[in-house]
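Structure file final09.pdb with PDB, C-alpha atoms:
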```
ATOM      1  CA  MET A1170     105.049 107.319 149.046
ATOM      2  CA  PRO A1171     104.310 103.836 147.552
ATOM      3  CA  SER A1172     107.093 101.286 147.290
ATOM      4  CA  VAL A1173     107.587  97.884 145.661
ATOM      5  CA  GLY A1174     110.204  95.495 147.017
ATOM      6  CA  GLY A1175     111.806  98.277 149.030
ATOM      7  CA  PHE A1176     112.051 100.654 146.050
ATOM      8  CA  ARG A1177     110.196 103.913 146.391
ATOM      9  CA  LEU A1178     107.972 104.707 143.423
ATOM     10  CA  GLY A1179     108.733 108.393 143.436
ATOM     11  CA  PRO A1180     109.708 110.953 140.832
ATOM     12  CA  GLY A1181     113.299 109.656 140.641
ATOM     13  CA  LEU A1182     112.120 106.324 139.267
ATOM     14  CA  GLY A1183     109.852 108.156 136.822
ATOM     15  CA  VAL A1184     112.800 110.139 135.494
ATOM     16  CA  ALA A1185     114.908 106.970 135.199
ATOM     17  CA  LEU A1186     112.075 105.273 133.292
ATOM     18  CA  TYR A1187     111.789 108.267 130.978
ATOM     19  CA  VAL A1188     115.535 108.197 130.222
ATOM     20  CA  LEU A1189     115.367 104.435 129.591
ATOM     21  CA  LEU A1190     112.376 104.901 127.280
ATOM     22  CA  VAL A1191     114.002 107.699 125.280
ATOM     23  CA  SER A1192     117.295 105.819 124.888
ATOM     24  CA  SER A1193     115.661 102.539 123.856
ATOM     25  CA  ALA A1194     113.262 104.293 121.460
ATOM     26  CA  GLY A1195     116.126 106.274 119.967
ATOM     27  CA  LEU A1196     118.134 103.107 119.399
ATOM     28  CA  ALA A1197     115.139 101.306 117.939
ATOM     29  CA  PHE A1198     114.148 104.079 115.551
ATOM     30  CA  PHE A1199     117.739 104.739 114.458
ATOM     31  CA  GLY A1200     118.301 101.018 113.886
ATOM     32  CA  ARG A1201     115.128 100.737 111.828
ATOM     33  CA  SER A1202     115.661 103.926 109.840
ATOM     34  CA  PHE A1203     119.303 103.270 109.035
ATOM     35  CA  PRO A1204     119.844  99.491 108.910
ATOM     36  CA  GLY A1205     123.476  98.502 109.141
ATOM     37  CA  ARG A1206     124.603 101.752 110.785
ATOM     38  CA  LEU A1207     124.614 100.313 114.303
ATOM     39  CA  PRO A1208     127.022  97.533 115.235
ATOM     40  CA  ILE A1209     125.290  94.145 114.955
ATOM     41  CA  ALA A1210     125.575  93.487 118.698
ATOM     42  CA  LEU A1211     123.934  96.811 119.530
ATOM     43  CA  GLU A1212     121.232  96.248 116.900
ATOM     44  CA  ARG A1213     120.394  92.874 118.464
ATOM     45  CA  LEU A1214     120.431  94.391 121.945
ATOM     46  CA  THR A1215     117.959  97.185 121.101
ATOM     47  CA  PRO A1216     114.702  95.265 121.728
ATOM     48  CA  TRP A1217     116.067  93.951 125.017
ATOM     49  CA  VAL A1218     116.874  97.453 126.243
ATOM     50  CA  PHE A1219     113.237  98.247 125.567
ATOM     51  CA  ALA A1220     112.249  95.021 127.393
ATOM     52  CA  VAL A1221     114.079  96.301 130.485
ATOM     53  CA  PHE A1222     112.035  99.480 130.192
ATOM     54  CA  VAL A1223     108.823  97.423 129.869
ATOM     55  CA  ALA A1224     109.644  95.421 132.996
ATOM     56  CA  CYS A1225     110.503  98.520 135.047
ATOM     57  CA  PHE A1226     107.480 100.364 133.694
ATOM     58  CA  ALA A1227     105.175  97.457 134.578
ATOM     59  CA  VAL A1228     106.517  97.332 138.144
ATOM     60  CA  TYR A1229     106.148 101.104 138.427
ATOM     61  CA  ARG A1230     102.606 101.278 137.051
ATOM     62  CA  PHE A1231     101.307  98.221 138.907
ATOM     63  CA  GLY A1232     102.931  99.469 142.107
ATOM     64  CA  LEU A1233     101.135 102.784 141.762
ATOM     65  CA  ALA A1234      97.893 100.968 140.924
ATOM     66  CA  SER A1235      98.180  98.680 143.956
ATOM     67  CA  ALA A1236      98.734 101.761 146.147
ATOM     68  CA  ARG A1237      95.584 103.248 144.579
ATOM     69  CA  LYS A1238      97.547 106.196 143.219
ATOM     70  CA  TYR A1239      96.862 105.242 139.579
ATOM     71  CA  PRO A1240      93.860 103.588 137.844
ATOM     72  CA  ALA A1241      94.457  99.853 137.416
ATOM     73  CA  SER A1242      92.685  99.703 134.038
ATOM     74  CA  LYS A1243      94.936 102.428 132.674
ATOM     75  CA  ALA A1244      98.036 100.667 134.037
ATOM     76  CA  PHE A1245      97.038  97.363 132.386
ATOM     77  CA  PHE A1246      96.360  99.115 129.083
ATOM     78  CA  GLN A1247      99.688 100.986 129.104
ATOM     79  CA  VAL A1248     101.719  97.930 130.053
ATOM     80  CA  GLY A1249      99.918  95.877 127.408
ATOM     81  CA  LEU A1250     100.688  98.507 124.811
ATOM     82  CA  THR A1251     104.383  98.535 125.716
ATOM     83  CA  VAL A1252     104.470  94.731 125.430
ATOM     84  CA  VAL A1253     103.011  95.005 121.907
ATOM     85  CA  VAL A1254     105.651  97.584 120.977
ATOM     86  CA  PHE A1255     108.341  95.267 122.357
ATOM     87  CA  LEU A1256     107.011  92.411 120.215
ATOM     88  CA  LEU A1257     107.141  94.661 117.158
ATOM     89  CA  LEU A1258     110.791  95.458 117.876
ATOM     90  CA  LEU A1259     111.828  91.815 117.818
ATOM     91  CA  PRO A1260     113.825  90.871 114.704
ATOM     92  CA  SER A1261     111.299  88.213 113.675
ATOM     93  CA  SER A1262     108.585  90.858 113.295
ATOM     94  CA  ARG A1263     110.626  93.154 111.089
ATOM     95  CA  ALA A1264     109.949  93.393 107.405
ATOM     96  CA  PRO A1265     112.439  91.389 105.413
ATOM     97  CA  TYR A1266     115.448  93.305 104.192
ATOM     98  CA  VAL A1267     115.113  94.188 100.513
ATOM     99  CA  PRO A1268     118.115  92.484  98.942
ATOM    100  CA  ALA A1269     120.330  94.412  96.599
ATOM    101  CA  GLY A1270     119.190  92.154  93.760
ATOM    102  CA  THR A1271     115.716  93.618  93.903
ATOM    103  CA  ALA A1272     117.080  97.151  93.940
ATOM    104  CA  LEU A1273     119.367  96.299  91.038
ATOM    105  CA  GLY A1274     116.448  94.897  89.071
ATOM    106  CA  GLN A1275     114.545  98.124  89.672
ATOM    107  CA  ALA A1276     117.571 100.162  88.634
ATOM    108  CA  LEU A1277     117.693  98.303  85.309
ATOM    109  CA  VAL A1278     114.316  99.841  84.401
ATOM    110  CA  ASP A1279     114.852 103.263  85.997
ATOM    111  CA  PRO A1280     114.018 106.340  83.886
ATOM    112  CA  ASP A1281     117.598 107.646  84.264
ATOM    113  CA  PRO A1282     119.821 106.092  81.562
ATOM    114  CA  ARG A1283     122.957 106.610  83.671
ATOM    115  CA  LEU A1284     121.450 104.493  86.450
ATOM    116  CA  ARG A1285     120.318 101.823  83.961
ATOM    117  CA  ALA A1286     123.841 101.675  82.504
ATOM    118  CA  LEU A1287     125.396 101.418  85.953
ATOM    119  CA  ALA A1288     122.948  98.677  86.959
ATOM    120  CA  ALA A1289     123.708  96.760  83.763
ATOM    121  CA  GLU A1290     127.426  97.010  84.542
ATOM    122  CA  VAL A1291     127.065  96.023  88.208
ATOM    123  CA  ALA A1292     124.961  92.965  87.356
ATOM    124  CA  ARG A1293     127.980  91.183  85.884
ATOM    125  CA  TYR A1294     129.850  91.353  89.181
ATOM    126  CA  ARG A1295     127.041  90.033  91.364
ATOM    127  CA  PRO A1296     127.219  86.458  92.647
ATOM    128  CA  ASP A1297     123.571  86.053  91.628
ATOM    129  CA  GLY A1298     124.118  87.869  88.336
ATOM    130  CA  ARG A1299     122.611  85.091  86.192
ATOM    131  CA  GLY A1300     119.258  85.986  87.681
ATOM    132  CA  TYR A1301     119.444  89.294  85.815
ATOM    133  CA  VAL A1302     119.992  87.753  82.388
ATOM    134  CA  PRO A1303     116.349  88.226  81.252
ATOM    135  CA  ALA A1304     116.401  91.887  82.348
ATOM    136  CA  LEU A1305     119.760  92.383  80.629
ATOM    137  CA  VAL A1306     118.373  90.879  77.429
ATOM    138  CA  GLN A1307     115.572  93.449  77.605
ATOM    139  CA  ALA A1308     118.189  96.157  78.170
ATOM    140  CA  LEU A1309     119.756  95.247  74.805
ATOM    141  CA  SER A1310     116.837  97.162  73.235
ATOM    142  CA  ASP A1311     117.334 100.236  75.427
ATOM    143  CA  PRO A1312     117.289 103.578  73.596
ATOM    144  CA  ASP A1313     120.577 104.594  75.266
ATOM    145  CA  PRO A1314     123.714 103.136  73.594
ATOM    146  CA  THR A1315     125.665 103.000  76.880
ATOM    147  CA  VAL A1316     122.955 100.885  78.499
ATOM    148  CA  ARG A1317     122.948  98.537  75.508
ATOM    149  CA  ALA A1318     126.748  98.209  75.580
ATOM    150  CA  GLN A1319     126.860  97.518  79.328
ATOM    151  CA  ALA A1320     124.010  95.005  79.069
ATOM    152  CA  HIS A1321     125.840  93.197  76.271
ATOM    153  CA  ALA A1322     129.129  93.095  78.219
ATOM    154  CA  SER A1323     127.315  91.737  81.278
ATOM    155  CA  LEU A1324     125.490  89.101  79.249
ATOM    156  CA  VAL A1325     128.748  87.894  77.691
ATOM    157  CA  ARG A1326     130.399  87.650  81.102
ATOM    158  CA  LEU A1327     127.439  85.989  82.827
ATOM    159  CA  THR A1328     126.547  83.477  80.099
ATOM    160  CA  GLY A1329     129.985  82.791  78.695
ATOM    161  CA  VAL A1330     128.744  83.209  75.108
ATOM    162  CA  ASP A1331     128.517  86.144  72.734
ATOM    163  CA  LEU A1332     125.486  86.076  70.457
ATOM    164  CA  GLY A1333     126.381  89.493  69.061
ATOM    165  CA  SER A1334     126.275  93.091  70.152
ATOM    166  CA  PRO A1335     122.950  94.924  70.124
ATOM    167  CA  ASP A1336     124.083  96.892  67.055
ATOM    168  CA  VAL A1337     124.389  93.735  64.926
ATOM    169  CA  PRO A1338     121.137  92.940  63.089
ATOM    170  CA  GLY A1339     119.409  89.889  64.570
ATOM    171  CA  ALA A1340     121.632  89.736  67.679
ATOM    172  CA  VAL A1341     118.987  91.005  70.087
ATOM    173  CA  GLU A1342     116.518  88.441  68.749
ATOM    174  CA  ALA A1343     119.155  85.705  69.150
ATOM    175  CA  TRP A1344     119.651  86.721  72.782
ATOM    176  CA  ARG A1345     115.870  86.717  73.345
ATOM    177  CA  LEU A1346     115.462  83.263  71.848
ATOM    178  CA  ARG A1347     118.296  81.787  73.860
ATOM    179  CA  TYR A1348     117.504  83.560  77.147
ATOM    180  CA  PRO A1349     113.774  84.358  77.259
TER     181      PRO A1349
END
```

Would you kindly transcribe this structure into structure tokens?
Amino acid sequence: MPSVGGFRLGPGLGVALYVLLVSSAGLAFFGRSFPGRLPIALERLTPWVFAVFVACFAVYRFGLASARKYPASKAFFQVGLTVVVFLLLLPSSRAPYVPAGTALGQALVDPDPRLRALAAEVARYRPDGRGYVPALVQALSDPDPTVRAQAHASLVRLTGVDLGSPDVPGAVEAWRLRYP
């Protein structure tokens, strides 16, 4: 049975590698699928658990290849592939988190009037709420009266001025001129 550094490269190590792979992949996929569900420390640790697997896997495969029990070309390919997967797990390679502001902006134009009204209401409580002023001005012309009322209340709170409710003739145009 081949060995590397005194460790036998038998079925026991293969099982340990499999358990390490499954646990690190499970952590990685869960962390990616449900961001924020894992504790921050565990989320940051996930790629490094996979790195431990990569290191053990490389030793295992290259040990088998050096003992001529496994094709060297296949071992190099597999280890290279695991290194690429590790690099993809690093936080710097992840797609940027879509901030709530973007989701809120999308909710302001959603087909569901209840969601548009809720988004118009929530905008006034956001620290970056002034960024939604143009979308809220557009919402003053919404066909749903609740959306219009919430947009107006948010605009008054965010801008500190009241140019009139959407039901007052000329008010929507005044809002558009002041906040294009």

Decode the PyMOL selection byres ((chain A and resi 1196) around 12) for the given file into explicit residues and return them as a tab-separated table (two decimals) with C-alpha atoms, keeping the file's coordinate frame.
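Dumped everything to expr_23.tsv:
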```
chain	number	residue	atom	x	y	z
A	1189	LEU	CA	115.37	104.44	129.59
A	1190	LEU	CA	112.38	104.90	127.28
A	1191	VAL	CA	114.00	107.70	125.28
A	1192	SER	CA	117.30	105.82	124.89
A	1193	SER	CA	115.66	102.54	123.86
A	1194	ALA	CA	113.26	104.29	121.46
A	1195	GLY	CA	116.13	106.27	119.97
A	1197	ALA	CA	115.14	101.31	117.94
A	1198	PHE	CA	114.15	104.08	115.55
A	1199	PHE	CA	117.74	104.74	114.46
A	1200	GLY	CA	118.30	101.02	113.89
A	1201	ARG	CA	115.13	100.74	111.83
A	1202	SER	CA	115.66	103.93	109.84
A	1203	PHE	CA	119.30	103.27	109.04
A	1204	PRO	CA	119.84	99.49	108.91
A	1206	ARG	CA	124.60	101.75	110.78
A	1207	LEU	CA	124.61	100.31	114.30
A	1208	PRO	CA	127.02	97.53	115.24
A	1211	LEU	CA	123.93	96.81	119.53
A	1212	GLU	CA	121.23	96.25	116.90
A	1213	ARG	CA	120.39	92.87	118.46
A	1214	LEU	CA	120.43	94.39	121.94
A	1215	THR	CA	117.96	97.18	121.10
A	1216	PRO	CA	114.70	95.26	121.73
A	1217	TRP	CA	116.07	93.95	125.02
A	1218	VAL	CA	116.87	97.45	126.24
A	1219	PHE	CA	113.24	98.25	125.57
A	1258	LEU	CA	110.79	95.46	117.88
```

Contacts of A:Pro1280 at 12 Å (only C-alpha atoms; same-chain gap of 5+ positions) as a count of residues only
7

Quick one: distance from atom CA of A:Ala1227 to atom CA of A:Leu1256 in Å, one decimal?
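Atom CA of A:Leu1256 lies at a distance of 15.3 Å from atom CA of A:Ala1227.
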
Can you turn the PyMOL selection byres ((chain A and resi 1293) around 12) into a concrete residue list for this file, as a ChimeraX atom specification?
/A:1270,1273,1286-1292,1294-1302,1305,1319-1329

Could you write those residues out with C-alpha atoms, as a compact mmCIF listing (two decimals), in the frame of the given file?
```
# COMPACT_ATOMS: atom_id res chain seq x y z
CA GLY A 1270 119.19 92.15 93.76
CA LEU A 1273 119.37 96.30 91.04
CA ALA A 1286 123.84 101.68 82.50
CA LEU A 1287 125.40 101.42 85.95
CA ALA A 1288 122.95 98.68 86.96
CA ALA A 1289 123.71 96.76 83.76
CA GLU A 1290 127.43 97.01 84.54
CA VAL A 1291 127.06 96.02 88.21
CA ALA A 1292 124.96 92.96 87.36
CA TYR A 1294 129.85 91.35 89.18
CA ARG A 1295 127.04 90.03 91.36
CA PRO A 1296 127.22 86.46 92.65
CA ASP A 1297 123.57 86.05 91.63
CA GLY A 1298 124.12 87.87 88.34
CA ARG A 1299 122.61 85.09 86.19
CA GLY A 1300 119.26 85.99 87.68
CA TYR A 1301 119.44 89.29 85.82
CA VAL A 1302 119.99 87.75 82.39
CA LEU A 1305 119.76 92.38 80.63
CA GLN A 1319 126.86 97.52 79.33
CA ALA A 1320 124.01 95.00 79.07
CA HIS A 1321 125.84 93.20 76.27
CA ALA A 1322 129.13 93.10 78.22
CA SER A 1323 127.32 91.74 81.28
CA LEU A 1324 125.49 89.10 79.25
CA VAL A 1325 128.75 87.89 77.69
CA ARG A 1326 130.40 87.65 81.10
CA LEU A 1327 127.44 85.99 82.83
CA THR A 1328 126.55 83.48 80.10
CA GLY A 1329 129.99 82.79 78.69
```

Just the number, please: distance in Å from atom CA of A:Tyr1348 to atom CA of A:Ala1276, one decimal.
20.2 Å

Just the number, please: distance in Å from atom CA of A:Ala1185 to atom CA of A:Phe1226, one decimal.
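According to the coordinates, atom CA of A:Ala1185 and atom CA of A:Phe1226 are separated by 10.1 Å.
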
Decode the PyMOL selection byres ((chain A and resi 1228-1235) around 9) for the given file into explicit residues and return them as a list in words.
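For this structure, the PyMOL selection byres ((chain A and resi 1228-1235) around 9) captures Pro1171, Ser1172, Val1173, Leu1178, Leu1182, Gly1183, Leu1186, Val1223, Ala1224, Cys1225, Phe1226, Ala1227, Ala1236, Arg1237, Lys1238, Tyr1239, Pro1240, Ala1241, Ser1242, Lys1243, Ala1244, Phe1245, Gln1247 and Val1248 of chain A.
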
Please return, as a list in words, all polymer residues that have at least one atom within 12 Å of the point (117.2, 98.5, 70.1); use all atoms listed in the file and the file's own coordinate frame.
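Collected hits near the coordinates: Val1306, Gln1307, Ala1308, Leu1309, Ser1310, Asp1311, Pro1312, Asp1313, Pro1314, Thr1315, Val1316, Arg1317, Ala1318, Ala1320, His1321, Ser1334, Pro1335, Asp1336, Val1337, Pro1338, Gly1339, Ala1340, Val1341 and Glu1342 of chain A.
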
5 Å per side around stretch 1318-1333 of chain A: axis-aligned box centre and edge lengths, as AutoDock Vina command-line options:
```
--center_x 127.2 --center_y 90.5 --center_z 75.9 --size_x 16.4 --size_y 25.4 --size_z 23.8
```

Rank A:Gly1181, A:Leu1332, A:Ile1209, A:Ala1272 by their smallest atom-to-atom distance to A:Pro1260, using only C-alpha atoms, and report the top residue only.
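Nearest candidate to A:Pro1260 out of A:Gly1181, A:Leu1332, A:Ile1209, A:Ala1272: A:Ile1209.
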